[in-house]
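With PDB, C-alpha atoms inside, this is input_38.pdb:
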ATOM      1  CA  MET A 222      47.405  88.728  46.750
ATOM      2  CA  LYS A 223      49.775  91.225  48.340
ATOM      3  CA  LYS A 224      53.406  90.618  47.491
ATOM      4  CA  PRO A 225      55.578  90.155  50.596
ATOM      5  CA  ALA A 226      57.896  93.068  51.276
ATOM      6  CA  PRO A 227      61.423  92.295  50.090
ATOM      7  CA  GLU A 228      64.176  91.882  52.644
ATOM      8  CA  ARG A 229      66.077  95.107  53.173
ATOM      9  CA  GLU A 230      69.494  95.643  54.686
ATOM     10  CA  PHE A 231      71.030  98.812  56.089
ATOM     11  CA  ILE A 232      74.724  98.977  56.955
ATOM     12  CA  PHE A 233      76.098 101.518  59.425
ATOM     13  CA  THR A 234      79.797 102.003  59.981
ATOM     14  CA  SER A 235      81.382 104.080  62.697
ATOM     15  CA  ARG A 236      84.572 104.496  64.660
ATOM     16  CA  ALA A 237      84.288 102.548  67.909
ATOM     17  CA  ASN A 238      83.760 105.712  69.896
ATOM     18  CA  TYR A 239      80.425 105.943  71.692
ATOM     19  CA  GLN A 240      79.846 109.612  70.988
ATOM     20  CA  GLU A 241      80.082 108.933  67.290
ATOM     21  CA  ALA A 242      78.629 105.411  67.230
ATOM     22  CA  SER A 243      75.531 106.247  69.279
ATOM     23  CA  SER A 244      74.143 108.125  66.255
ATOM     24  CA  ILE A 245      73.515 104.670  64.764
ATOM     25  CA  ILE A 246      70.849 104.121  67.444
ATOM     26  CA  GLU A 247      68.833 107.129  66.266
ATOM     27  CA  GLN A 248      69.156 106.113  62.625
ATOM     28  CA  VAL A 249      67.973 102.567  63.315
ATOM     29  CA  LYS A 250      65.061 103.837  65.401
ATOM     30  CA  LYS A 251      64.001 106.171  62.612
ATOM     31  CA  ILE A 252      63.974 103.343  60.070
ATOM     32  CA  LEU A 253      61.944 101.117  62.377
ATOM     33  CA  GLN A 254      59.488 103.905  63.181
ATOM     34  CA  GLU A 255      58.939 104.345  59.456
ATOM     35  CA  ASN A 256      58.240 100.617  59.353
ATOM     36  CA  ASN A 257      55.531 100.978  61.987
ATOM     37  CA  LYS A 258      57.261  99.201  64.843
ATOM     38  CA  ASP A 259      55.590  99.885  68.183
ATOM     39  CA  GLY A 260      57.043 101.543  71.260
ATOM     40  CA  GLU A 261      57.881  98.294  73.027
ATOM     41  CA  PHE A 262      59.783  96.982  70.021
ATOM     42  CA  LEU A 263      61.679 100.261  69.691
ATOM     43  CA  TYR A 264      62.614 100.137  73.385
ATOM     44  CA  ARG A 265      63.952  96.592  73.031
ATOM     45  CA  ILE A 266      66.042  97.355  69.967
ATOM     46  CA  GLU A 267      67.331 100.600  71.424
ATOM     47  CA  LEU A 268      68.451  98.848  74.595
ATOM     48  CA  ILE A 269      70.204  96.125  72.582
ATOM     49  CA  LEU A 270      71.964  98.713  70.406
ATOM     50  CA  GLU A 271      73.080 100.838  73.361
ATOM     51  CA  GLU A 272      74.415  97.926  75.384
ATOM     52  CA  ILE A 273      76.310  96.241  72.551
ATOM     53  CA  ILE A 274      77.683  99.411  70.958
ATOM     54  CA  LEU A 275      78.824 100.618  74.387
ATOM     55  CA  ASN A 276      80.546  97.298  75.089
ATOM     56  CA  ILE A 277      82.359  97.387  71.755
ATOM     57  CA  CYS A 278      83.416 101.017  72.253
ATOM     58  CA  ARG A 279      84.683 100.332  75.769
ATOM     59  CA  TYR A 280      86.282  96.928  75.546
ATOM     60  CA  ALA A 281      86.870  95.690  71.993
ATOM     61  CA  TYR A 282      89.921  97.761  71.245
ATOM     62  CA  GLY A 283      92.916  98.917  73.276
ATOM     63  CA  ALA A 284      93.198 102.534  74.379
ATOM     64  CA  GLU A 285      95.632 103.322  71.584
ATOM     65  CA  GLU A 286      93.636 101.692  68.810
ATOM     66  CA  GLU A 287      91.140 103.496  66.612
ATOM     67  CA  GLY A 288      88.856 100.573  65.876
ATOM     68  CA  GLU A 289      85.779 100.327  63.759
ATOM     69  CA  LEU A 290      82.354  98.912  64.311
ATOM     70  CA  VAL A 291      79.731  97.869  61.814
ATOM     71  CA  VAL A 292      76.022  97.431  62.495
ATOM     72  CA  ARG A 293      73.872  95.663  59.921
ATOM     73  CA  LEU A 294      70.125  96.012  60.223
ATOM     74  CA  ILE A 295      68.158  93.467  58.209
ATOM     75  CA  LEU A 296      64.410  93.876  57.906
ATOM     76  CA  LYS A 297      62.853  90.507  57.153
ATOM     77  CA  GLN A 298      59.211  89.874  56.557
ATOM     78  CA  ASP A 299      58.358  88.855  60.097
ATOM     79  CA  HIS A 300      61.423  89.654  62.139
ATOM     80  CA  ILE A 301      64.485  91.838  62.396
ATOM     81  CA  VAL A 302      68.126  90.866  62.541
ATOM     82  CA  VAL A 303      70.869  93.123  63.853
ATOM     83  CA  ILE A 304      74.481  92.093  63.339
ATOM     84  CA  PHE A 305      77.351  93.768  65.177
ATOM     85  CA  GLU A 306      80.899  93.358  63.887
ATOM     86  CA  ASP A 307      84.217  94.550  65.261
ATOM     87  CA  LYS A 308      87.841  93.598  64.729
ATOM     88  CA  GLY A 309      88.776  93.878  68.382
ATOM     89  CA  ARG A 310      89.901  91.176  70.779
ATOM     90  CA  PRO A 311      87.781  88.011  70.585
ATOM     91  CA  PHE A 312      84.940  88.200  73.098
ATOM     92  CA  ASN A 313      81.954  85.913  73.259
ATOM     93  CA  PRO A 314      79.291  87.645  75.338
ATOM     94  CA  LEU A 315      77.282  84.419  75.516
ATOM     95  CA  GLU A 316      79.985  82.823  77.623
ATOM     96  CA  PHE A 317      79.925  85.718  80.043
ATOM     97  CA  LYS A 318      78.083  84.770  83.213
ATOM     98  CA  PRO A 319      76.434  87.796  84.737
ATOM     99  CA  ARG A 320      75.756  88.027  88.439
ATOM    100  CA  ILE A 321      72.055  88.247  88.893
ATOM    101  CA  ILE A 322      70.661  90.597  91.462
ATOM    102  CA  SER A 323      68.322  89.112  94.007
ATOM    103  CA  GLU A 324      67.209  89.604  97.573
ATOM    104  CA  GLN A 325      69.969  87.276  98.659
ATOM    105  CA  ASN A 326      72.641  89.767  97.636
ATOM    106  CA  SER A 327      73.449  92.468 100.082
ATOM    107  CA  LEU A 328      73.058  95.851  98.472
ATOM    108  CA  GLU A 329      76.471  97.041  99.629
ATOM    109  CA  GLU A 330      78.268  94.186  97.912
ATOM    110  CA  LEU A 331      76.317  94.307  94.725
ATOM    111  CA  GLU A 332      78.206  95.039  91.507
ATOM    112  CA  PRO A 333      75.981  94.157  88.589
ATOM    113  CA  GLY A 334      78.704  92.903  86.260
ATOM    114  CA  GLY A 335      77.441  92.025  82.833
ATOM    115  CA  LEU A 336      74.024  93.544  83.446
ATOM    116  CA  GLY A 337      73.975  95.005  79.935
ATOM    117  CA  ILE A 338      74.605  91.668  78.234
ATOM    118  CA  PHE A 339      72.060  89.999  80.479
ATOM    119  CA  LEU A 340      69.428  92.574  79.426
ATOM    120  CA  VAL A 341      70.285  92.052  75.756
ATOM    121  CA  LYS A 342      69.691  88.304  76.078
ATOM    122  CA  GLU A 343      66.356  88.963  77.759
ATOM    123  CA  MET A 344      65.219  91.481  75.134
ATOM    124  CA  ALA A 345      66.195  89.376  72.108
ATOM    125  CA  HIS A 346      64.615  86.275  70.636
ATOM    126  CA  GLU A 347      67.930  84.786  69.680
ATOM    127  CA  VAL A 348      71.562  85.756  70.107
ATOM    128  CA  SER A 349      74.451  83.997  68.392
ATOM    129  CA  TYR A 350      78.153  84.709  68.321
ATOM    130  CA  GLN A 351      81.018  83.701  66.093
ATOM    131  CA  TYR A 352      84.609  84.795  65.630
ATOM    132  CA  ARG A 353      85.428  84.617  61.958
ATOM    133  CA  GLY A 354      88.002  86.245  59.722
ATOM    134  CA  GLY A 355      89.407  88.229  62.644
ATOM    135  CA  LYS A 356      86.000  89.619  63.535
ATOM    136  CA  ASN A 357      83.604  89.326  66.439
ATOM    137  CA  ILE A 358      80.207  88.781  64.859
ATOM    138  CA  LEU A 359      77.201  89.012  67.146
ATOM    139  CA  GLU A 360      73.861  88.305  65.521
ATOM    140  CA  ILE A 361      70.655  89.215  67.284
ATOM    141  CA  THR A 362      67.161  88.337  66.133
ATOM    142  CA  LEU A 363      64.042  90.011  67.438
TER     143      LEU A 363
ATOM    144  CA  MET B   8      66.983 113.633  81.470
ATOM    145  CA  ASN B   9      65.435 116.063  83.903
ATOM    146  CA  ILE B  10      65.244 115.909  87.662
ATOM    147  CA  GLU B  11      62.628 117.878  89.554
ATOM    148  CA  LYS B  12      62.804 117.950  93.307
ATOM    149  CA  SER B  13      60.191 118.914  95.868
ATOM    150  CA  GLU B  14      60.015 118.509  99.611
ATOM    151  CA  CYS B  15      57.293 116.654 101.396
ATOM    152  CA  GLY B  16      58.063 116.794 105.131
ATOM    153  CA  LYS B  17      61.089 114.640 105.810
ATOM    154  CA  ILE B  18      60.890 113.152 102.312
ATOM    155  CA  LEU B  19      62.385 114.369  99.069
ATOM    156  CA  LEU B  20      60.153 113.735  96.126
ATOM    157  CA  ILE B  21      62.235 113.379  92.968
ATOM    158  CA  LYS B  22      60.594 113.323  89.589
ATOM    159  CA  VAL B  23      62.826 111.917  86.871
ATOM    160  CA  SER B  24      61.853 112.372  83.254
ATOM    161  CA  GLY B  25      63.383 111.647  79.870
ATOM    162  CA  ARG B  26      66.121 109.076  79.421
ATOM    163  CA  LEU B  27      68.507 107.431  81.832
ATOM    164  CA  ASP B  28      71.211 106.012  79.572
ATOM    165  CA  ALA B  29      74.966 105.982  79.008
ATOM    166  CA  ASN B  30      74.889 109.736  78.345
ATOM    167  CA  THR B  31      72.869 110.804  81.377
ATOM    168  CA  ALA B  32      73.574 108.164  84.057
ATOM    169  CA  LYS B  33      76.558 109.963  85.542
ATOM    170  CA  ARG B  34      74.606 113.191  85.999
ATOM    171  CA  PHE B  35      71.725 111.310  87.629
ATOM    172  CA  GLU B  36      74.145 109.686  90.063
ATOM    173  CA  GLU B  37      75.831 112.971  90.944
ATOM    174  CA  GLU B  38      72.607 114.953  91.385
ATOM    175  CA  CYS B  39      70.778 112.283  93.382
ATOM    176  CA  SER B  40      73.777 111.524  95.586
ATOM    177  CA  LEU B  41      73.882 115.204  96.522
ATOM    178  CA  LEU B  42      70.131 115.242  97.200
ATOM    179  CA  ALA B  43      70.458 112.113  99.342
ATOM    180  CA  GLU B  44      72.917 113.989 101.553
ATOM    181  CA  GLU B  45      70.250 116.626 102.154
ATOM    182  CA  LYS B  46      67.573 114.114 103.115
ATOM    183  CA  ASN B  47      67.946 110.365 103.040
ATOM    184  CA  ARG B  48      64.314 109.489 102.342
ATOM    185  CA  LEU B  49      63.836 109.627  98.587
ATOM    186  CA  VAL B  50      60.678 108.893  96.651
ATOM    187  CA  MET B  51      61.489 108.537  92.961
ATOM    188  CA  ASP B  52      58.528 109.290  90.712
ATOM    189  CA  LEU B  53      59.448 107.739  87.354
ATOM    190  CA  SER B  54      56.212 108.535  85.514
ATOM    191  CA  GLY B  55      58.157 110.642  83.009
ATOM    192  CA  LEU B  56      61.052 108.234  82.560
ATOM    193  CA  GLU B  57      60.821 106.834  79.050
ATOM    194  CA  TYR B  58      63.978 104.758  78.872
ATOM    195  CA  ILE B  59      66.568 103.168  81.119
ATOM    196  CA  SER B  60      69.568 101.025  80.151
ATOM    197  CA  SER B  61      72.135  99.144  82.239
ATOM    198  CA  ALA B  62      74.162 102.345  82.670
ATOM    199  CA  GLY B  63      71.043 103.967  84.149
ATOM    200  CA  LEU B  64      70.383 100.978  86.392
ATOM    201  CA  ARG B  65      73.931 101.098  87.714
ATOM    202  CA  SER B  66      73.500 104.765  88.644
ATOM    203  CA  VAL B  67      70.195 103.961  90.398
ATOM    204  CA  LEU B  68      71.991 101.213  92.323
ATOM    205  CA  SER B  69      74.890 103.437  93.222
ATOM    206  CA  VAL B  70      72.559 106.053  94.763
ATOM    207  CA  GLY B  71      70.754 103.202  96.539
ATOM    208  CA  LYS B  72      73.955 102.043  98.198
ATOM    209  CA  LYS B  73      74.599 105.523  99.593
ATOM    210  CA  ILE B  74      71.062 105.787 100.944
ATOM    211  CA  LYS B  75      71.288 102.329 102.496
ATOM    212  CA  ALA B  76      74.553 103.269 104.170
ATOM    213  CA  SER B  77      72.761 106.128 105.950
ATOM    214  CA  ASN B  78      69.731 103.971 106.811
ATOM    215  CA  GLY B  79      67.500 106.017 104.528
ATOM    216  CA  ARG B  80      64.600 105.095 102.276
ATOM    217  CA  TYR B  81      64.658 104.786  98.486
ATOM    218  CA  VAL B  82      61.251 104.078  97.033
ATOM    219  CA  PHE B  83      60.117 104.037  93.397
ATOM    220  CA  CYS B  84      56.725 104.657  91.878
ATOM    221  CA  ASN B  85      54.824 105.132  88.625
ATOM    222  CA  LEU B  86      57.170 103.223  86.335
ATOM    223  CA  GLN B  87      56.208 103.091  82.660
ATOM    224  CA  PRO B  88      55.641  99.516  81.402
ATOM    225  CA  MET B  89      58.985  98.917  79.657
ATOM    226  CA  VAL B  90      60.999 100.647  82.382
ATOM    227  CA  LYS B  91      59.168  98.450  84.893
ATOM    228  CA  GLU B  92      60.010  95.390  82.806
ATOM    229  CA  VAL B  93      63.717  96.290  82.777
ATOM    230  CA  PHE B  94      63.691  96.841  86.571
ATOM    231  CA  LYS B  95      62.026  93.468  86.960
ATOM    232  CA  ILE B  96      64.355  91.553  84.627
ATOM    233  CA  SER B  97      67.356  93.035  86.441
ATOM    234  CA  GLY B  98      66.025  92.032  89.837
ATOM    235  CA  PHE B  99      65.743  95.636  91.018
ATOM    236  CA  ASN B 100      62.154  95.082  92.108
ATOM    237  CA  SER B 101      63.470  92.689  94.746
ATOM    238  CA  ILE B 102      65.901  95.192  96.262
ATOM    239  CA  PHE B 103      63.950  98.448  96.028
ATOM    240  CA  PRO B 104      60.297  98.958  96.996
ATOM    241  CA  MET B 105      58.112  99.832  94.010
ATOM    242  CA  TYR B 106      54.582 101.165  93.922
ATOM    243  CA  ASP B 107      52.027 102.012  91.286
ATOM    244  CA  ASN B 108      51.087 105.287  92.897
ATOM    245  CA  LEU B 109      52.743 108.163  94.670
ATOM    246  CA  GLU B 110      50.663 107.973  97.868
ATOM    247  CA  ASP B 111      51.781 104.419  98.680
ATOM    248  CA  ALA B 112      55.403 105.283  97.891
ATOM    249  CA  ILE B 113      55.284 108.269 100.231
ATOM    250  CA  GLU B 114      53.742 106.138 102.958
ATOM    251  CA  GLU B 115      56.496 103.535 102.580
ATOM    252  CA  ALA B 116      59.216 106.204 102.660
ATOM    253  CA  SER B 117      57.703 107.767 105.783
ATOM    254  CA  SER B 118      57.713 104.522 107.754
TER     255      SER B 118
END
Re-express the file's structure as structure tokens.
Amino acid sequence: MKKPAPEREFIFTSRANYQEASSIIEQVKKILQENNKDGEFLYRIELILEEIILNICRYAYGAEEEGELVVRLILKQDHIVVIFEDKGRPFNPLEFKPRIISEQNSLEELEPGGLGIFLVKEMAHEVSYQYRGGKNILEITL
Amino acid sequence: MNIEKSECGKILLIKVSGRLDANTAKRFEEECSLLAEEKNRLVMDLSGLEYISSAGLRSVLSVGKKIKASNGRYVFCNLQPMVKEVFKISGFNSIFPMYDNLEDAIEEASS
């Protein structure tokens, strides 16, 4: 019988600056490609990474702060977990109510606030948030 | 991201390829807003667009508002499956006409 692949974890650390932090996206994609994930899966994880990393870089820290962000990628046997951590101001994206676009909205008035977080929730299987030890910890399963 | 423009009567046919993300969204918005001033009937062929994120969607929407303000047309076609899915999830398919082929998109933009 084939032995199940052991769980593997990769930890990426970056300054919360999108130019620098976006390199994490490429590194994660490369690992997942090597693990034979298909194009749809790669799209979903890339979108999640871009939206969350961008949010952390833009809003977690004040303009004067040089904050840090950590992304943990955990490859489990039948699913993948990505954990985002920052030490910025507490922010629970799950409490954020995005305005959904529909025909009822007039195009001129439309400002898709929270569209990124809404997409993340749609692309993931599970999203959970906690604030612990001075850190925002967002855990996403897919 | 690359933008290729060609004219088709009173319509501008714009072929977008590559990625529309946080790095390229601003350029898309600037280029397409300029094009929309030239002609306000735009057919966006997205057959080469591999990826779009919320930053890309916001730039698409922003161009759409300008076109709407001038009573123009803004029609999309040939979306790749995941890009189509993201448009759908975001509700964009209910505010912009979308077609599976170029001919239908051109017909809609001409009307």
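One distance worth recording is that between CA of Lys250 (chain A) and CA of Phe262 (chain A), which is 9.8 Å.
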Please check the contacts: residues of chain B at most 10 Å away from chain A, using all atoms listed in the file, listed as a PDB file with C-alpha atoms, in the frame of the given file.
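To be explicit, this is the file written out as out-v1.pdb:
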ATOM      1  CA  ASP B  28      71.211 106.012  79.572  1.00  0.00           C
ATOM      2  CA  ALA B  29      74.966 105.982  79.008  1.00  0.00           C
ATOM      3  CA  ASN B  30      74.889 109.736  78.345  1.00  0.00           C
ATOM      4  CA  GLU B  57      60.821 106.834  79.050  1.00  0.00           C
ATOM      5  CA  TYR B  58      63.978 104.758  78.872  1.00  0.00           C
ATOM      6  CA  ILE B  59      66.568 103.168  81.119  1.00  0.00           C
ATOM      7  CA  SER B  60      69.568 101.025  80.151  1.00  0.00           C
ATOM      8  CA  SER B  61      72.135  99.144  82.239  1.00  0.00           C
ATOM      9  CA  ALA B  62      74.162 102.345  82.670  1.00  0.00           C
ATOM     10  CA  LEU B  64      70.383 100.978  86.392  1.00  0.00           C
ATOM     11  CA  ARG B  65      73.931 101.098  87.714  1.00  0.00           C
ATOM     12  CA  LEU B  68      71.991 101.213  92.323  1.00  0.00           C
ATOM     13  CA  SER B  69      74.890 103.437  93.222  1.00  0.00           C
ATOM     14  CA  GLY B  71      70.754 103.202  96.539  1.00  0.00           C
ATOM     15  CA  LYS B  72      73.955 102.043  98.198  1.00  0.00           C
ATOM     16  CA  LYS B  73      74.599 105.523  99.593  1.00  0.00           C
ATOM     17  CA  LYS B  75      71.288 102.329 102.496  1.00  0.00           C
ATOM     18  CA  ALA B  76      74.553 103.269 104.170  1.00  0.00           C
ATOM     19  CA  PRO B  88      55.641  99.516  81.402  1.00  0.00           C
ATOM     20  CA  MET B  89      58.985  98.917  79.657  1.00  0.00           C
ATOM     21  CA  VAL B  90      60.999 100.647  82.382  1.00  0.00           C
ATOM     22  CA  VAL B  93      63.717  96.290  82.777  1.00  0.00           C
ATOM     23  CA  ILE B  96      64.355  91.553  84.627  1.00  0.00           C
ATOM     24  CA  SER B  97      67.356  93.035  86.441  1.00  0.00           C
ATOM     25  CA  GLY B  98      66.025  92.032  89.837  1.00  0.00           C
ATOM     26  CA  PHE B  99      65.743  95.636  91.018  1.00  0.00           C
ATOM     27  CA  ASN B 100      62.154  95.082  92.108  1.00  0.00           C
ATOM     28  CA  SER B 101      63.470  92.689  94.746  1.00  0.00           C
ATOM     29  CA  ILE B 102      65.901  95.192  96.262  1.00  0.00           C
ATOM     30  CA  PHE B 103      63.950  98.448  96.028  1.00  0.00           C
TER      31      PHE B 103
END
Discussion item. Using Å and a single decimal, report how far CA of Ile74 (chain B) sits from CA of Arg48 (chain B).
Written reply: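 Answer for the CA of Arg48 (chain B) to CA of Ile74 (chain B) separation: 7.8 Å.
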Practice prompt. List, as an NGL selection string, every residue that the PyMOL selection byres ((chain A and resi 230) around 8) selects in the file provided.
Written response: :A and (228-229 or 231-232 or 293-296)
Fill in: region 287-291 of chain A surroundings by only C-alpha atoms, 12 Å radius, close-in-sequence under 2 positions cut, as a PyMOL selection string
chain A and resi 231-239+241-243+245+270+273-285+293-294+303-310+356-360
Item to complete: Point out the residue among B:Ala43, B:Ala32, B:Leu27, B:Cys15 with the least atom-to-atom distance to Ser77 (chain B), counting only C-alpha atoms.
Response: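 The shortest atom-to-atom distance to Ser77 (chain B) comes from B:Ala43.
When CA of Lys318 (chain A) is paired with CA of Glu92 (chain B), their separation reads 21.0 Å.
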Discussion item. Which residues are near Leu315 (chain A)? Cut-off 9 Å, all atoms listed in the file, ignore same chain within fewer than 3 positions. Put them as a PyMOL selection string.
Written reply: chain A and resi 312+318+338+342+348-350
Worksheet item: Hey, what's within 9 Å of Lys12 (chain B) if we count all atoms listed in the file and toss same-chain stuff fewer than 6 positions away? As a list in words, please?
Response: Leu19, Leu20, Ile21, Lys22, Val23 and Leu42 of chain B
Worksheet item: Near Asn108 (chain B), within 10 Å and counting only C-alpha atoms, which residues show up once chain neighbours fewer than 3 positions away are dropped, as an NGL selection string?
Response: :B and (52 or 54 or 83-86 or 105 or 111-113)
Dump of C-alpha atoms for the selected residues, as an mmCIF file, in the coordinates of the input:
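File written: selection-v8.cif
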data_model
loop_
_atom_site.group_PDB
_atom_site.id
_atom_site.type_symbol
_atom_site.label_atom_id
_atom_site.label_comp_id
_atom_site.auth_asym_id
_atom_site.auth_seq_id
_atom_site.Cartn_x
_atom_site.Cartn_y
_atom_site.Cartn_z
ATOM 1 C CA ASP B 52 58.528 109.290 90.712
ATOM 2 C CA SER B 54 56.212 108.535 85.514
ATOM 3 C CA PHE B 83 60.117 104.037 93.397
ATOM 4 C CA CYS B 84 56.725 104.657 91.878
ATOM 5 C CA ASN B 85 54.824 105.132 88.625
ATOM 6 C CA LEU B 86 57.170 103.223 86.335
ATOM 7 C CA MET B 105 58.112 99.832 94.010
ATOM 8 C CA ASP B 111 51.781 104.419 98.680
ATOM 9 C CA ALA B 112 55.403 105.283 97.891
ATOM 10 C CA ILE B 113 55.284 108.269 100.231
#
Worksheet item: Of the candidates B:Arg34, B:Met8, B:Ser13, B:Ser117, which shows the shortest atom-to-atom distance to Gly55 (chain B), using only C-alpha atoms?
Response: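 Selected residue with least distance to Gly55 (chain B): B:Met8.
For the residues A:Gln298, A:Asp259, A:Gly355, A:Val292, ranking by smallest atom-to-atom distance to Ser244 (chain A) using all atoms listed in the file places A:Val292 first.
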Is there a way to complete region 35-49 of chain B with N, CA and C atoms and then write that out as a PDB file, in the coordinates of the input?
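Written output follows (selection.pdb):
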ATOM      1  N   PHE B  35      72.757 111.781  86.701  1.00  0.00           N
ATOM      2  CA  PHE B  35      71.725 111.310  87.629  1.00  0.00           C
ATOM      3  C   PHE B  35      72.379 110.921  88.958  1.00  0.00           C
ATOM      4  N   GLU B  36      73.471 110.175  88.855  1.00  0.00           N
ATOM      5  CA  GLU B  36      74.145 109.686  90.063  1.00  0.00           C
ATOM      6  C   GLU B  36      74.671 110.858  90.895  1.00  0.00           C
ATOM      7  N   GLU B  37      75.272 111.820  90.218  1.00  0.00           N
ATOM      8  CA  GLU B  37      75.831 112.971  90.944  1.00  0.00           C
ATOM      9  C   GLU B  37      74.734 113.785  91.621  1.00  0.00           C
ATOM     10  N   GLU B  38      73.692 114.109  90.853  1.00  0.00           N
ATOM     11  CA  GLU B  38      72.607 114.953  91.385  1.00  0.00           C
ATOM     12  C   GLU B  38      71.905 114.255  92.552  1.00  0.00           C
ATOM     13  N   CYS B  39      71.554 112.988  92.358  1.00  0.00           N
ATOM     14  CA  CYS B  39      70.778 112.283  93.382  1.00  0.00           C
ATOM     15  C   CYS B  39      71.622 111.974  94.610  1.00  0.00           C
ATOM     16  N   SER B  40      72.915 111.755  94.423  1.00  0.00           N
ATOM     17  CA  SER B  40      73.777 111.524  95.586  1.00  0.00           C
ATOM     18  C   SER B  40      73.828 112.773  96.444  1.00  0.00           C
ATOM     19  N   LEU B  41      73.886 113.934  95.784  1.00  0.00           N
ATOM     20  CA  LEU B  41      73.882 115.204  96.522  1.00  0.00           C
ATOM     21  C   LEU B  41      72.566 115.382  97.271  1.00  0.00           C
ATOM     22  N   LEU B  42      71.454 115.100  96.573  1.00  0.00           N
ATOM     23  CA  LEU B  42      70.131 115.242  97.200  1.00  0.00           C
ATOM     24  C   LEU B  42      69.995 114.310  98.400  1.00  0.00           C
ATOM     25  N   ALA B  43      70.571 113.102  98.258  1.00  0.00           N
ATOM     26  CA  ALA B  43      70.458 112.113  99.342  1.00  0.00           C
ATOM     27  C   ALA B  43      71.250 112.542 100.577  1.00  0.00           C
ATOM     28  N   GLU B  44      72.186 113.463 100.384  1.00  0.00           N
ATOM     29  CA  GLU B  44      72.917 113.989 101.553  1.00  0.00           C
ATOM     30  C   GLU B  44      72.055 114.999 102.297  1.00  0.00           C
ATOM     31  N   GLU B  45      71.173 115.659 101.553  1.00  0.00           N
ATOM     32  CA  GLU B  45      70.250 116.626 102.154  1.00  0.00           C
ATOM     33  C   GLU B  45      69.236 115.905 103.037  1.00  0.00           C
ATOM     34  N   LYS B  46      68.582 114.918 102.419  1.00  0.00           N
ATOM     35  CA  LYS B  46      67.573 114.114 103.115  1.00  0.00           C
ATOM     36  C   LYS B  46      67.737 112.699 102.607  1.00  0.00           C
ATOM     37  N   ASN B  47      67.674 111.727 103.506  1.00  0.00           N
ATOM     38  CA  ASN B  47      67.946 110.365 103.040  1.00  0.00           C
ATOM     39  C   ASN B  47      66.682 109.525 102.845  1.00  0.00           C
ATOM     40  N   ARG B  48      65.539 110.216 102.708  1.00  0.00           N
ATOM     41  CA  ARG B  48      64.314 109.489 102.342  1.00  0.00           C
ATOM     42  C   ARG B  48      63.876 110.007 100.970  1.00  0.00           C
ATOM     43  N   LEU B  49      64.112 109.192  99.961  1.00  0.00           N
ATOM     44  CA  LEU B  49      63.836 109.627  98.587  1.00  0.00           C
ATOM     45  C   LEU B  49      62.692 108.827  97.972  1.00  0.00           C
TER      46      LEU B  49
END
